[in-house]
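Source file: structure19.cif (mmCIF, C-alpha atoms)
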data_work
loop_
_atom_site.label_atom_id
_atom_site.label_comp_id
_atom_site.auth_asym_id
_atom_site.auth_seq_id
_atom_site.Cartn_x
_atom_site.Cartn_y
_atom_site.Cartn_z
CA MET L 264 17.85 99.31 101.17
CA SER L 265 15.25 100.28 103.68
CA LEU L 266 14.34 103.81 104.66
CA THR L 267 11.42 104.67 106.89
CA SER L 268 10.13 108.15 107.48
CA THR L 269 7.92 110.15 109.80
CA LEU L 270 6.76 113.75 109.87
CA THR L 271 7.17 115.52 113.22
CA ASN L 272 6.34 119.20 113.71
CA GLY L 273 6.93 119.94 110.06
CA VAL L 274 10.25 118.10 109.96
CA LYS L 275 10.72 114.95 107.93
CA ILE L 276 12.75 112.29 109.74
CA ILE L 277 14.21 109.56 107.56
CA THR L 278 15.69 106.54 109.32
CA VAL L 279 18.17 104.22 107.63
CA ALA L 280 17.54 100.66 108.76
CA ASP L 281 20.63 99.09 107.13
CA ASN L 282 23.95 99.06 108.94
CA ARG L 283 26.00 100.11 105.90
CA ILE L 284 25.71 102.72 103.17
CA ASP L 285 28.43 101.54 100.81
CA ALA L 286 29.33 101.13 97.15
CA ALA L 287 27.01 98.14 96.81
CA MET L 288 23.96 100.19 97.72
CA ALA L 289 24.83 103.83 97.08
CA ILE L 290 22.73 104.17 93.90
CA GLN L 291 19.70 102.56 95.54
CA PHE L 292 20.10 104.81 98.58
CA LYS L 293 20.17 107.93 96.42
CA GLU L 294 17.02 106.85 94.56
CA ASP L 295 15.20 105.96 97.78
CA MET L 296 16.18 109.33 99.24
CA ARG L 297 14.82 111.05 96.14
CA ALA L 298 11.46 109.32 96.66
CA GLU L 299 11.44 110.22 100.38
CA THR L 300 12.38 113.88 99.99
CA ASN L 301 10.45 114.70 96.83
CA GLY L 302 8.28 117.71 97.61
CA GLY L 303 8.28 117.31 101.38
CA PRO L 304 9.09 119.84 104.10
CA LYS L 305 12.04 122.18 104.00
CA ARG L 306 13.94 120.45 106.76
CA VAL L 307 14.87 116.76 106.61
CA ILE L 308 16.78 114.89 109.30
CA LEU L 309 18.56 111.68 108.29
CA ASP L 310 18.84 109.36 111.30
CA LEU L 311 22.07 107.38 110.89
CA SER L 312 22.13 105.84 114.37
CA ARG L 313 21.85 102.28 113.03
CA VAL L 314 24.55 102.79 110.39
CA ASP L 315 27.97 101.45 111.40
CA PHE L 316 29.79 102.26 108.20
CA VAL L 317 29.69 104.71 105.28
CA ASP L 318 32.31 104.55 102.52
CA SER L 319 33.08 107.28 99.97
CA SER L 320 30.33 106.01 97.65
CA GLY L 321 27.82 106.19 100.50
CA LEU L 322 29.11 109.65 101.41
CA GLY L 323 28.67 110.69 97.77
CA ALA L 324 25.10 109.36 97.82
CA ILE L 325 24.30 111.43 100.92
CA VAL L 326 25.75 114.52 99.21
CA ALA L 327 23.70 113.69 96.10
CA SER L 328 20.61 113.41 98.32
CA LEU L 329 21.21 116.94 99.59
CA LYS L 330 21.76 118.26 96.07
CA GLN L 331 18.63 116.68 94.64
CA MET L 332 16.52 118.28 97.41
CA GLY L 333 17.36 121.64 95.86
CA GLU L 334 18.19 125.11 97.16
CA GLY L 335 16.45 126.41 100.25
CA ARG L 336 16.08 123.03 101.95
CA ARG L 337 18.17 121.38 104.63
CA LEU L 338 19.42 117.85 105.20
CA ASP L 339 20.69 117.42 108.77
CA LEU L 340 22.40 114.23 109.95
CA ALA L 341 21.75 112.70 113.36
CA GLY L 342 23.14 109.88 115.46
CA LEU L 343 26.44 109.34 113.66
CA THR L 344 28.34 106.32 114.95
CA PRO L 345 32.12 106.76 115.46
CA THR L 346 33.40 105.55 112.08
CA VAL L 347 30.66 107.37 110.14
CA ASP L 348 31.42 110.55 112.08
CA LYS L 349 35.11 110.16 111.21
CA VAL L 350 34.42 109.88 107.46
CA PHE L 351 32.42 113.13 107.56
CA ARG L 352 35.12 114.95 109.53
CA LEU L 353 38.09 113.68 107.47
CA THR L 354 36.43 114.79 104.23
CA ARG L 355 35.30 118.08 105.84
CA MET L 356 31.71 117.21 104.94
CA ASP L 357 30.92 118.20 108.53
CA THR L 358 31.14 121.76 107.16
CA VAL L 359 28.44 121.05 104.56
CA PHE L 360 25.99 119.17 106.79
CA LYS L 361 24.92 119.93 110.32
CA LEU L 362 25.77 116.89 112.44
CA PHE L 363 23.84 116.08 115.63
CA PRO L 364 24.86 113.40 118.12
CA SER L 365 21.29 112.12 118.34
CA LEU L 366 17.88 112.50 116.75
CA ASP L 367 16.57 114.13 119.96
CA LYS L 368 19.31 116.77 119.76
CA ALA L 369 18.51 117.42 116.11
CA LEU L 370 14.81 117.83 116.89
CA ALA L 371 15.61 120.13 119.80
CA SER L 372 17.56 122.41 117.48
CA LEU L 373 15.10 125.08 116.38
CA SER L 374 17.38 126.74 113.88
CA HIS L 375 15.27 125.83 110.89
CA MET B 1353 43.29 97.69 125.33
CA LYS B 1354 45.29 94.62 124.51
CA VAL B 1355 43.36 92.05 122.60
CA PRO B 1356 44.76 88.53 122.74
CA ARG B 1357 46.00 87.35 119.38
CA SER B 1358 44.53 84.04 118.28
CA GLN B 1359 45.51 84.19 114.63
CA ASN B 1360 48.58 85.46 112.72
CA SER B 1361 47.14 86.26 109.34
CA ILE B 1362 43.92 86.68 107.39
CA SER B 1363 43.52 85.85 103.72
CA ILE B 1364 40.21 86.34 101.93
CA GLY B 1365 39.61 86.14 98.18
CA PHE B 1366 36.75 87.81 96.36
CA ALA B 1367 35.24 88.04 92.89
CA ALA B 1368 35.57 91.65 91.68
CA LYS B 1369 31.90 92.52 92.16
CA GLN B 1370 30.39 94.95 94.64
CA ILE B 1371 28.45 92.50 96.78
CA GLU B 1372 31.39 90.07 96.94
CA ALA B 1373 33.70 92.95 97.81
CA ARG B 1374 31.43 94.02 100.65
CA LEU B 1375 31.39 90.49 102.07
CA ALA B 1376 35.20 90.33 101.91
CA ILE B 1377 35.58 93.71 103.64
CA VAL B 1378 33.14 92.77 106.41
CA ALA B 1379 34.75 89.34 106.88
CA THR B 1380 38.25 90.85 107.11
CA ILE B 1381 37.26 93.53 109.61
CA SER B 1382 35.40 91.01 111.76
CA GLN B 1383 38.58 88.90 112.03
CA LEU B 1384 40.99 91.76 112.82
CA PRO B 1385 40.49 91.46 116.59
CA ASN B 1386 41.94 87.94 116.25
CA LEU B 1387 45.21 89.63 115.14
CA GLY B 1388 45.18 91.77 118.29
CA ILE B 1389 43.65 94.87 116.67
CA SER B 1390 41.39 96.91 118.96
CA GLN B 1391 37.77 97.54 117.99
CA SER B 1392 38.38 101.28 117.89
CA GLN B 1393 41.16 100.87 115.33
CA CYS B 1394 39.06 98.50 113.23
CA GLY B 1395 36.89 101.46 112.17
CA ASP B 1396 39.85 103.41 110.75
CA ILE B 1397 41.14 100.32 109.01
CA GLU B 1398 37.73 99.66 107.48
CA ILE B 1399 37.65 103.19 106.04
CA ALA B 1400 40.91 102.56 104.14
CA LEU B 1401 40.25 98.93 103.24
CA ALA B 1402 36.79 99.66 101.84
CA GLU B 1403 38.15 102.40 99.57
CA ALA B 1404 41.01 100.20 98.36
CA VAL B 1405 38.71 97.27 97.59
CA ASN B 1406 36.10 99.50 95.96
CA ASN B 1407 38.80 100.92 93.69
CA VAL B 1408 39.66 97.37 92.63
CA VAL B 1409 36.04 96.63 91.71
CA GLU B 1410 35.14 99.98 90.17
CA HIS B 1411 38.37 100.84 88.36
CA ALA B 1412 41.00 98.09 87.99
CA CYS B 1413 38.47 95.33 87.35
CA ALA B 1414 35.58 97.26 85.77
CA ASP B 1415 34.17 95.31 82.79
CA LEU B 1416 36.40 92.33 83.55
CA PRO B 1417 33.83 89.69 84.57
CA ASP B 1418 36.37 87.06 85.63
CA ALA B 1419 38.62 89.38 87.64
CA SER B 1420 39.23 88.70 91.29
CA GLY B 1421 41.06 90.09 94.27
CA ARG B 1422 42.51 89.00 97.58
CA ILE B 1423 42.93 90.68 100.95
CA THR B 1424 45.85 89.47 103.07
CA CYS B 1425 46.49 90.83 106.56
CA LEU B 1426 49.69 90.22 108.51
CA ILE B 1427 51.07 91.56 111.77
CA LYS B 1428 54.75 92.61 111.56
CA GLY B 1429 56.03 94.06 114.79
CA ASP B 1430 53.95 97.12 115.64
CA PHE B 1431 52.43 97.24 112.16
CA LEU B 1432 49.45 95.63 110.55
CA THR B 1433 50.09 95.15 106.85
CA ILE B 1434 47.13 94.69 104.54
CA GLU B 1435 47.87 93.65 100.98
CA ILE B 1436 45.09 94.00 98.41
CA SER B 1437 45.95 92.21 95.18
CA ASP B 1438 43.85 91.95 92.05
CA THR B 1439 43.98 90.63 88.51
CA GLY B 1440 42.71 93.86 86.95
CA ARG B 1441 44.31 96.63 84.92
CA PRO B 1442 47.33 98.49 86.35
CA LEU B 1443 47.01 101.91 87.90
CA PRO B 1444 47.60 104.66 85.31
CA GLU B 1445 51.39 105.18 84.91
CA LEU B 1446 51.83 102.53 87.62
CA ARG B 1447 51.56 105.28 90.19
CA LEU B 1448 49.42 105.90 93.24
CA PRO B 1449 47.00 108.78 92.68
CA THR B 1450 47.49 111.75 94.97
CA GLY B 1451 44.69 111.83 97.48
CA SER B 1452 43.84 115.49 97.49
CA LYS B 1453 41.23 117.19 99.61
CA ALA B 1454 38.00 118.08 97.82
CA ASP B 1455 37.06 121.75 97.41
CA LEU B 1456 33.82 122.28 99.34
CA SER B 1457 33.60 126.06 99.01
CA VAL B 1458 31.39 125.73 95.94
CA PRO B 1459 27.67 126.17 95.23
CA LEU B 1460 25.38 123.35 96.35
CA ALA B 1461 24.97 121.96 92.83
CA ASP B 1462 28.76 121.64 92.45
CA LEU B 1463 29.50 119.74 95.66
CA PRO B 1464 31.62 116.66 94.90
CA GLU B 1465 29.92 113.25 95.09
CA GLY B 1466 33.13 111.27 94.67
CA GLY B 1467 36.89 111.48 94.58
CA PHE B 1468 37.29 111.01 98.34
CA GLY B 1469 38.68 107.49 98.17
CA TRP B 1470 42.45 107.95 97.94
CA PHE B 1471 42.28 110.89 100.32
CA LEU B 1472 40.57 108.70 102.93
CA ILE B 1473 43.14 105.93 102.41
CA CYS B 1474 46.03 108.36 102.89
CA GLN B 1475 44.40 109.90 105.97
CA THR B 1476 43.83 106.60 107.76
CA ALA B 1477 46.79 104.40 106.76
CA SER B 1478 50.32 105.04 108.10
CA ASN B 1479 51.88 104.10 104.79
CA VAL B 1480 50.59 103.21 101.33
CA SER B 1481 52.55 101.58 98.50
CA TYR B 1482 51.78 100.03 95.14
CA ASP B 1483 53.50 97.75 92.71
CA ARG B 1484 52.62 95.45 89.87
CA ILE B 1485 53.90 91.89 90.03
CA ASN B 1486 53.18 88.96 87.70
CA GLY B 1487 50.31 90.78 86.01
CA GLN B 1488 48.62 91.66 89.29
CA ASN B 1489 48.18 94.89 91.19
CA ARG B 1490 49.44 94.89 94.74
CA LEU B 1491 48.45 97.70 97.06
CA ILE B 1492 49.94 97.61 100.54
CA LEU B 1493 48.38 99.53 103.41
CA GLU B 1494 50.26 99.69 106.70
CA PHE B 1495 48.76 100.69 110.02
CA GLN B 1496 50.68 101.30 113.20
CA THR B 1497 48.88 99.24 115.80
CA GLU B 1498 47.56 101.29 118.69
CA ALA B 1499 49.58 101.41 121.90
CA LYS B 1500 48.51 98.56 124.09
CA ALA B 1501 47.21 99.67 127.46
#
Would you write the structure of this file as structure tokens?
Amino acid sequence: MSLTSTLTNGVKIITVADNRIDAAMAIQFKEDMRAETNGGPKRVILDLSRVDFVDSSGLGAIVASLKQMGEGRRLDLAGLTPTVDKVFRLTRMDTVFKLFPSLDKALASLSH
Amino acid sequence: MKVPRSQNSISIGFAAKQIEARLAIVATISQLPNLGISQSQCGDIEIALAEAVNNVVEHACADLPDASGRITCLIKGDFLTIEISDTGRPLPELRLPTGSKADLSVPLADLPEGGFGWFLICQTASNVSYDRINGQNRLILEFQTEAKA
């Protein structure tokens, strides 16, 4: 699992370099997200533009990442590819997370 | 868009472990265009196939180190049939679980982190059936192939 992160205007951007977040790596992803989001800024954007596929275990790990950040913080998702977008919409998780078509659009959104 | 068919079936076996399962899922999806399946439909099929195969590894074959599975894809008329068989334990009461929608109107700490699998299978496959034959589970997912342009 490889996550990279940058801090831009008080927003933490975490980029997933792998092309899948699936059952084989869900636990690692959750732990890496914990390390990345521990104590950082209130708003975090997860850049999923390189991720082709998320299964229900990967979806669960993204939900767990939000939960472990704690109340009062935000995890927005950017750059969802078509199949990843579909998994979020089918499970209605698009009502829990704010989804942005691209990282630029997420950064342009000032509602934080 | 019509994709020329260069193959009639796909059959891929896997040891019931997560990394092996991932390789089998990826290999199957990468060959689907050879059966005439469009790239856009491959995504939907991968959603269902991944959940079905993960269930095999995480439930039917959990703690069974020698268990294995097999993915077999066949085109029958306008339908793609994917059979996932495994040597693991039967489904409880030999019945398909009901894939119900998760309740998301809950506090943050109570949001579900699992239980989406059967729901996703039922949302993406046209038909789902299960039986147990010769000590093996057999799950059959059917997909209506997209209208060819």
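The coordinates place atom CA of B:Gln1475 at 15.8 Å from atom CA of B:Leu1432.
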(message) Which residue is closest to chain L? Choose from B:Ile1485, B:Ile1492, B:Ala1461, B:Val1409 and count only C-alpha atoms.
(response) B:Ala1461
(request) Report as a PyMOL selection string the residues that result from applying the PyMOL selection byres ((chain L) within 10 of (chain B)) to the structure here. (result) chain L and resi 283+285-288+315-331+333-334+345-347+349-350+353-356+358-359
(message) Give me the residues near B:Ser1382 as a ChimeraX atom specification, where near means some atom within 12 Å (using only C-alpha atoms) and where sequence neighbours in that chain fewer than 4 positions away do not count.
(response) /B:1362,1364,1375-1378,1386-1391,1393-1395,1397-1398
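When atom CA of B:Phe1495 is paired with atom CA of B:Tyr1482, their separation reads 15.2 Å.
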If we count all atoms listed in the file and set the cut-off at 7 Å, which residues sit around L:Asp310, ignoring sequence neighbours fewer than 5 positions away in its own chain? Please answer as a PDB file with C-alpha atoms, in the coordinates of the input.
ATOM      1  CA  ILE L 276      12.750 112.290 109.740  1.00  0.00           C
ATOM      2  CA  ILE L 277      14.210 109.560 107.560  1.00  0.00           C
ATOM      3  CA  THR L 278      15.690 106.540 109.320  1.00  0.00           C
ATOM      4  CA  VAL L 279      18.170 104.220 107.630  1.00  0.00           C
ATOM      5  CA  LEU L 340      22.400 114.230 109.950  1.00  0.00           C
ATOM      6  CA  ALA L 341      21.750 112.700 113.360  1.00  0.00           C
ATOM      7  CA  GLY L 342      23.140 109.880 115.460  1.00  0.00           C
ATOM      8  CA  LEU L 366      17.880 112.500 116.750  1.00  0.00           C
TER       9      LEU L 366
END
(request) Would you kindly return, as a list in words, each protein, DNA or RNA residue with an atom no farther than 12 Å from any atom of L:Ser265, considering only C-alpha atoms and excluding same-chain residues fewer than 4 positions away? (result) Ile277, Thr278, Val279, Ala280, Asp281, Asn282, Arg283, Ile284, Met288, Gln291, Phe292, Lys293, Glu294, Asp295, Met296, Glu299, Arg313 and Val314 of chain L
(message) I'd like the neighbourhood of B:Ala1412 as a ChimeraX atom specification, where a residue qualifies if any of its atoms comes within 7 Å (using all atoms listed in the file), though same-chain residues fewer than 5 positions away should be ignored.
(response) /B:1407,1440-1442
Box along x, y and z, 5 Å on every side, all listed atoms of stretch 334-344 of chain L inside: centre and edge lengths in Å to one decimal, as JSON.
{"center_x": 22.2, "center_y": 116.4, "center_z": 106.3, "size_x": 22.3, "size_y": 30.1, "size_z": 28.3}
(request) May I have the residues within 12 Å of L:Asn272 as a VMD selection string, using only C-alpha atoms and disregarding those fewer than 3 positions away in the same chain? (result) chain L and resid 269 275 to 276 304 to 307 370 to 371 373 375
(request) Any chance you could resolve the PyMOL selection byres ((chain B and resi 1359) around 12) against this file and give the residues as a PyMOL selection string? (result) chain B and resi 1355-1358+1360-1363+1383-1389+1425-1427
(request) Using atom CA of B:Asp1418 and atom CA of B:Pro1444 as the two end points, give the distance in Å to one decimal. (result) 20.9 Å
